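Peer 1: run35.csv (CSV, C-alpha atoms) pasted underneath:
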chain,number,residue,atom,x,y,z
A,1,MET,CA,25.2,-7.5,0.8
A,2,ALA,CA,24.8,-9.5,4.0
A,3,ILE,CA,21.5,-9.4,5.9
A,4,THR,CA,22.0,-7.0,8.8
A,5,LYS,CA,18.4,-5.8,9.6
A,6,TYR,CA,15.1,-7.5,10.3
A,7,VAL,CA,11.8,-5.6,10.3
A,8,VAL,CA,8.5,-7.0,11.5
A,9,ILE,CA,5.4,-6.3,9.4
A,10,PRO,CA,1.8,-6.6,10.7
A,11,GLU,CA,-0.2,-9.7,9.7
A,12,SER,CA,-1.9,-9.9,6.4
A,13,LYS,CA,-5.6,-9.6,5.7
A,14,VAL,CA,-7.4,-12.6,4.1
A,15,CYS,CA,-9.9,-11.8,1.4
A,16,TYR,CA,-12.3,-13.9,-0.7
A,17,SER,CA,-10.9,-15.0,-4.1
A,18,ASP,CA,-9.3,-12.1,-5.9
A,19,THR,CA,-11.5,-9.5,-4.3
A,20,ASN,CA,-11.0,-6.9,-1.6
A,21,ILE,CA,-13.9,-8.5,0.5
A,22,LEU,CA,-12.4,-9.4,3.9
A,23,ALA,CA,-12.9,-13.1,4.8
A,24,GLU,CA,-14.0,-14.2,8.2
A,25,ASP,CA,-11.9,-16.5,10.4
A,26,VAL,CA,-13.5,-19.7,8.9
A,27,ILE,CA,-13.4,-20.2,5.2
A,28,GLY,CA,-15.3,-22.8,3.2
A,29,LEU,CA,-13.7,-24.9,0.5
A,30,ASN,CA,-16.4,-25.1,-2.1
A,31,PRO,CA,-18.2,-21.8,-2.9
A,32,LYS,CA,-20.8,-23.6,-5.0
A,33,ASP,CA,-21.9,-25.8,-2.1
A,34,PRO,CA,-25.0,-24.2,-0.3
A,35,ALA,CA,-23.7,-25.7,2.9
A,36,ASN,CA,-20.5,-23.6,2.7
A,37,VAL,CA,-19.9,-21.6,5.9
A,38,ALA,CA,-20.0,-18.4,4.0
A,39,TYR,CA,-23.8,-19.0,3.6
A,40,THR,CA,-24.6,-21.0,6.8
A,41,LYS,CA,-22.5,-19.2,9.3
A,42,TYR,CA,-21.9,-15.7,7.8
A,43,ASN,CA,-25.1,-15.3,5.7
A,44,LYS,CA,-23.3,-14.3,2.6
A,45,PRO,CA,-25.4,-14.1,-0.6
A,46,TYR,CA,-25.0,-17.2,-2.6
A,47,GLY,CA,-25.5,-15.4,-5.9
A,48,GLN,CA,-22.5,-13.2,-5.2
A,49,PHE,CA,-20.2,-15.6,-3.4
A,50,GLN,CA,-20.7,-18.8,-5.4
A,51,HIS,CA,-18.0,-17.8,-7.9
A,52,LEU,CA,-15.4,-16.6,-5.3
A,53,GLY,CA,-13.2,-19.7,-4.9
A,54,GLY,CA,-9.8,-19.5,-3.1
A,55,ILE,CA,-8.4,-16.6,-1.1
A,56,ASN,CA,-5.8,-13.8,-1.4
A,57,LEU,CA,-3.7,-12.4,1.4
A,58,LYS,CA,-3.1,-8.7,1.2
A,59,ILE,CA,0.2,-8.1,2.8
A,60,ASP,CA,0.3,-4.9,5.0
A,61,PRO,CA,1.1,-1.9,2.8
A,62,SER,CA,3.8,-0.8,5.3
A,63,LEU,CA,6.0,-3.3,3.6
A,64,PRO,CA,8.2,-1.4,1.1
A,65,THR,CA,8.4,-3.4,-2.1
A,66,ASN,CA,10.9,-3.0,-4.9
A,67,ALA,CA,11.9,-5.0,-7.9
A,68,GLY,CA,14.4,-7.7,-7.1
A,69,GLN,CA,13.1,-8.5,-3.6
A,70,VAL,CA,12.1,-12.1,-2.9
A,71,LEU,CA,8.8,-13.1,-1.3
A,72,ASP,CA,8.6,-16.4,0.6
A,73,PHE,CA,5.2,-17.3,2.0
A,74,ILE,CA,4.1,-20.6,3.6
A,75,PHE,CA,0.7,-21.9,4.5
A,76,GLU,CA,0.6,-24.9,6.9
A,77,ASN,CA,-2.3,-26.9,8.2
A,78,ILE,CA,-1.4,-27.0,11.9
A,79,THR,CA,-4.4,-29.3,12.7
A,80,THR,CA,-3.1,-32.2,10.5
A,81,ASN,CA,0.5,-31.3,11.0
A,82,ASN,CA,1.2,-33.1,7.7
A,83,SER,CA,3.6,-31.7,5.2
A,84,ALA,CA,1.2,-32.8,2.4
A,85,ASN,CA,-1.2,-30.1,3.7
A,86,THR,CA,1.3,-27.3,3.0
A,87,TYR,CA,1.4,-24.6,0.3
A,88,VAL,CA,4.5,-22.6,-0.4
A,89,HIS,CA,4.5,-19.4,-2.5
A,90,ASN,CA,7.8,-18.0,-3.6
A,91,ARG,CA,8.5,-15.4,-6.2
A,92,GLN,CA,10.7,-12.5,-7.1
A,93,ILE,CA,9.0,-9.1,-6.9
A,94,ILE,CA,9.0,-7.2,-10.2
A,95,ASP,CA,7.5,-3.8,-9.1
A,96,SER,CA,6.7,-1.6,-6.2
A,97,GLN,CA,2.9,-2.6,-6.0
A,98,PRO,CA,1.4,-3.7,-2.7
A,99,LEU,CA,1.8,-7.5,-2.4
A,100,LYS,CA,-0.9,-10.1,-2.6
A,101,VAL,CA,-0.6,-13.9,-2.3
A,102,PHE,CA,-3.3,-15.8,-4.1
A,103,VAL,CA,-4.2,-19.3,-3.0
A,104,GLY,CA,-6.5,-21.0,-5.6
A,105,MET,CA,-9.0,-23.8,-5.1
A,106,LYS,CA,-6.5,-26.5,-5.9
A,107,ASP,CA,-4.2,-25.4,-3.2
A,108,MET,CA,-7.0,-24.7,-0.7
A,109,ASN,CA,-8.1,-28.3,-1.1
A,110,LYS,CA,-4.4,-29.4,-0.7
A,111,LEU,CA,-4.3,-27.5,2.6
A,112,ASN,CA,-7.5,-29.4,3.7
A,113,ASP,CA,-9.8,-28.8,6.7
A,114,GLY,CA,-8.2,-27.4,9.8
A,115,SER,CA,-6.4,-24.4,11.3
A,116,ILE,CA,-4.1,-22.8,8.7
A,117,GLU,CA,-1.1,-20.8,9.8
A,118,CYS,CA,0.5,-18.6,7.2
A,119,TYR,CA,3.7,-16.6,7.5
A,120,GLY,CA,6.4,-15.3,5.3
A,121,SER,CA,9.1,-12.8,4.6
A,122,VAL,CA,10.4,-10.5,1.9
A,123,THR,CA,14.2,-10.4,1.5
A,124,ASP,CA,15.8,-7.3,0.1
A,125,GLN,CA,19.5,-8.2,-0.6
A,126,ALA,CA,20.3,-4.8,-1.9
A,127,LYS,CA,19.4,-3.2,1.4
A,128,GLY,CA,20.5,-6.1,3.6
A,129,THR,CA,17.0,-6.3,5.1
A,130,VAL,CA,14.5,-9.1,5.7
A,131,TYR,CA,10.9,-8.1,6.3
A,132,ILE,CA,9.2,-10.7,8.5
A,133,ILE,CA,5.5,-10.8,7.9
A,134,SER,CA,3.6,-11.6,11.2
A,135,PRO,CA,1.8,-14.9,11.2
A,136,LYS,CA,-1.9,-15.1,10.4
A,137,THR,CA,-4.2,-18.0,11.3
A,138,PHE,CA,-7.6,-18.9,9.8
A,139,THR,CA,-9.6,-22.1,9.5
A,140,ILE,CA,-10.7,-24.0,6.5
A,141,GLN,CA,-13.9,-26.0,6.9
A,142,SER,CA,-15.8,-28.3,4.6
A,143,PRO,CA,-19.6,-28.6,4.8
Just give me the structure as structure tokens.
Peer 2:
Amino acid sequence: MAITKYVVIPESKVCYSDTNILAEDVIGLNPKDPANVAYTKYNKPYGQFQHLGGINLKIDPSLPTNAGQVLDFIFENITTNNSANTYVHNRQIIDSQPLKVFVGMKDMNKLNDGSIECYGSVTDQAKGTVYIISPKTFTIQSP
């Protein structure tokens, strides 16, 4: 079926690692470094957060998900504006669970320090609909 409808979905929420703990606007790269912004700027407890590497984006639950849809999500470092500092997440959805996009430490390091813009879409060919996920921006900062 041809795409005939576009629906805008609110921006995603950024959480630490694979938790439901919302991250602040600035995220540190190395959770084991005591100089990480989680500890120096946001006073997070080192004992709890030292093992929480990477992030996950919780896509707004207003997005109806069904098996067979395709999720495309892009993270770009708009400070460096270098394609080497980009992470692309693409997958076919297999169930109707709320969507998350996990970005591990390797890909966080690839994104590098700077302002990260992330945006994406879910394509539902069966319904001829593309769900546009509103952009979200956060900052990665090394100690």
Peer 1: With all atoms listed in the file as the counted atoms, please give the residues lying no more than 6 Å from Lys58 of chain A, apart from itself and same-chain residues fewer than 4 positions off, as a PDB file with C-alpha atoms, in the frame of the given file.
Peer 2:
ATOM      1  CA  SER A  12      -1.900  -9.900   6.400  1.00  0.00           C
ATOM      2  CA  LYS A  13      -5.600  -9.600   5.700  1.00  0.00           C
ATOM      3  CA  LYS A 100      -0.900 -10.100  -2.600  1.00  0.00           C
TER       4      LYS A 100
END
Peer 1: Suppose you want the space between atom CA of Gln48 of chain A and atom CA of Asn36 of chain A; what is it in Å?
Peer 2: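 Atom CA of Asn36 of chain A lies 13.2 Å from atom CA of Gln48 of chain A.
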Peer 1: Using all atoms listed in the file for the distances, tell me which of A:Lys136, A:Arg91, A:Lys5, A:His51 is nearest to Ala67 of chain A.
Peer 2: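 For Ala67 of chain A, the nearest of the given residues is A:Arg91.
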Peer 1: Within 9 Å of (23.1, -5.1, 6.7), all atoms listed in the file: residues as a PDB file with C-alpha atoms, in the frame of the given file?
Peer 2:
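part-v5.pdb, freshly written:
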ATOM      1  CA  MET A   1      25.200  -7.500   0.800  1.00  0.00           C
ATOM      2  CA  ALA A   2      24.800  -9.500   4.000  1.00  0.00           C
ATOM      3  CA  ILE A   3      21.500  -9.400   5.900  1.00  0.00           C
ATOM      4  CA  THR A   4      22.000  -7.000   8.800  1.00  0.00           C
ATOM      5  CA  LYS A   5      18.400  -5.800   9.600  1.00  0.00           C
ATOM      6  CA  GLN A 125      19.500  -8.200  -0.600  1.00  0.00           C
ATOM      7  CA  LYS A 127      19.400  -3.200   1.400  1.00  0.00           C
ATOM      8  CA  GLY A 128      20.500  -6.100   3.600  1.00  0.00           C
ATOM      9  CA  THR A 129      17.000  -6.300   5.100  1.00  0.00           C
TER      10      THR A 129
END
Peer 1: So, counting all atoms listed in the file, which residue among A:Tyr42, A:Tyr119, A:Phe49, A:Tyr131 is closest to Phe73 of chain A?
Peer 2: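 Using all atoms listed in the file, Phe73 of chain A sits closest to A:Tyr119.
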Peer 1: Using all atoms listed in the file, find the one residue out of A:Thr123, A:Asn56, A:Ser142, A:Thr137 that sits nearest to Glu76 of chain A.
Peer 2: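 Closest residue, counting all atoms listed in the file: A:Thr137.
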Peer 1: How far is it from atom CA of Asn112 of chain A to atom CA of Ile78 of chain A, in Å with one decimal?
Peer 2: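 Atom-to-atom, atom CA of Asn112 of chain A and atom CA of Ile78 of chain A are spaced 10.5 Å apart.
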Peer 1: Quick one: of A:Phe138, A:Phe75, A:Tyr6, A:Tyr46, who's nearest to Val101 of chain A, counting only C-alpha atoms?
Peer 2: A:Phe75
Peer 1: Could you list as a ChimeraX atom specification every residue that has an atom within 8 Å of (11.8, -9.1, -7.2), using the file's coordinates and counting all atoms listed in the file?
Peer 2: /A:66-71,91-95
Peer 1: Using only C-alpha atoms, which residue out of A:Ser83, A:Gln50, A:Lys41, A:Leu111 lies closest to Val26 of chain A?
Peer 2: A:Lys41
Peer 1: For Ser96 of chain A, which of A:Ala38, A:Leu63, A:Ile21, A:Val130 is the closest residue, counting all atoms listed in the file?
Peer 2: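 Between A:Ala38, A:Leu63, A:Ile21, A:Val130, the residue approaching Ser96 of chain A most closely is A:Leu63.
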Peer 1: Within 12 Å of segment 29-34 of chain A, which residues of segment 103-122 of chain A come that close, and what is the closest atom pair and distance in Å for each? Count only C-alpha atoms and give it as JSON lines.
Peer 2:
{"residue": "A:Val103", "atom": "CA", "partner": "A:Leu29", "partner_atom": "CA", "distance": 11.6}
{"residue": "A:Gly104", "atom": "CA", "partner": "A:Leu29", "partner_atom": "CA", "distance": 10.2}
{"residue": "A:Met105", "atom": "CA", "partner": "A:Leu29", "partner_atom": "CA", "distance": 7.4}
{"residue": "A:Lys106", "atom": "CA", "partner": "A:Leu29", "partner_atom": "CA", "distance": 9.8}
{"residue": "A:Asp107", "atom": "CA", "partner": "A:Leu29", "partner_atom": "CA", "distance": 10.2}
{"residue": "A:Met108", "atom": "CA", "partner": "A:Leu29", "partner_atom": "CA", "distance": 6.8}
{"residue": "A:Asn109", "atom": "CA", "partner": "A:Leu29", "partner_atom": "CA", "distance": 6.7}
{"residue": "A:Lys110", "atom": "CA", "partner": "A:Leu29", "partner_atom": "CA", "distance": 10.4}
{"residue": "A:Leu111", "atom": "CA", "partner": "A:Leu29", "partner_atom": "CA", "distance": 10.0}
{"residue": "A:Asn112", "atom": "CA", "partner": "A:Leu29", "partner_atom": "CA", "distance": 8.3}
{"residue": "A:Asp113", "atom": "CA", "partner": "A:Leu29", "partner_atom": "CA", "distance": 8.3}
{"residue": "A:Gly114", "atom": "CA", "partner": "A:Leu29", "partner_atom": "CA", "distance": 11.1}
Peer 1: Between atom CA of Val122 of chain A and atom CA of Asp72 of chain A, measure the distance and give it in Å to one decimal.
Peer 2: 6.3 Å
Peer 1: Output as JSON the centre and edge lengths (Å, one decimal) of the box along x, y and z of the file that holds every listed atom of segment 118-130 of chain A after adding 5 Å on each side.
Peer 2:
{"center_x": 10.5, "center_y": -10.9, "center_z": 2.8, "size_x": 30.0, "size_y": 25.4, "size_z": 19.4}
Peer 1: Ile74 of chain A: which residues within 9 Å, counting all atoms listed in the file, same-chain residues fewer than 3 positions away excluded, as a ChimeraX atom specification?
Peer 2: /A:86-90,117-120
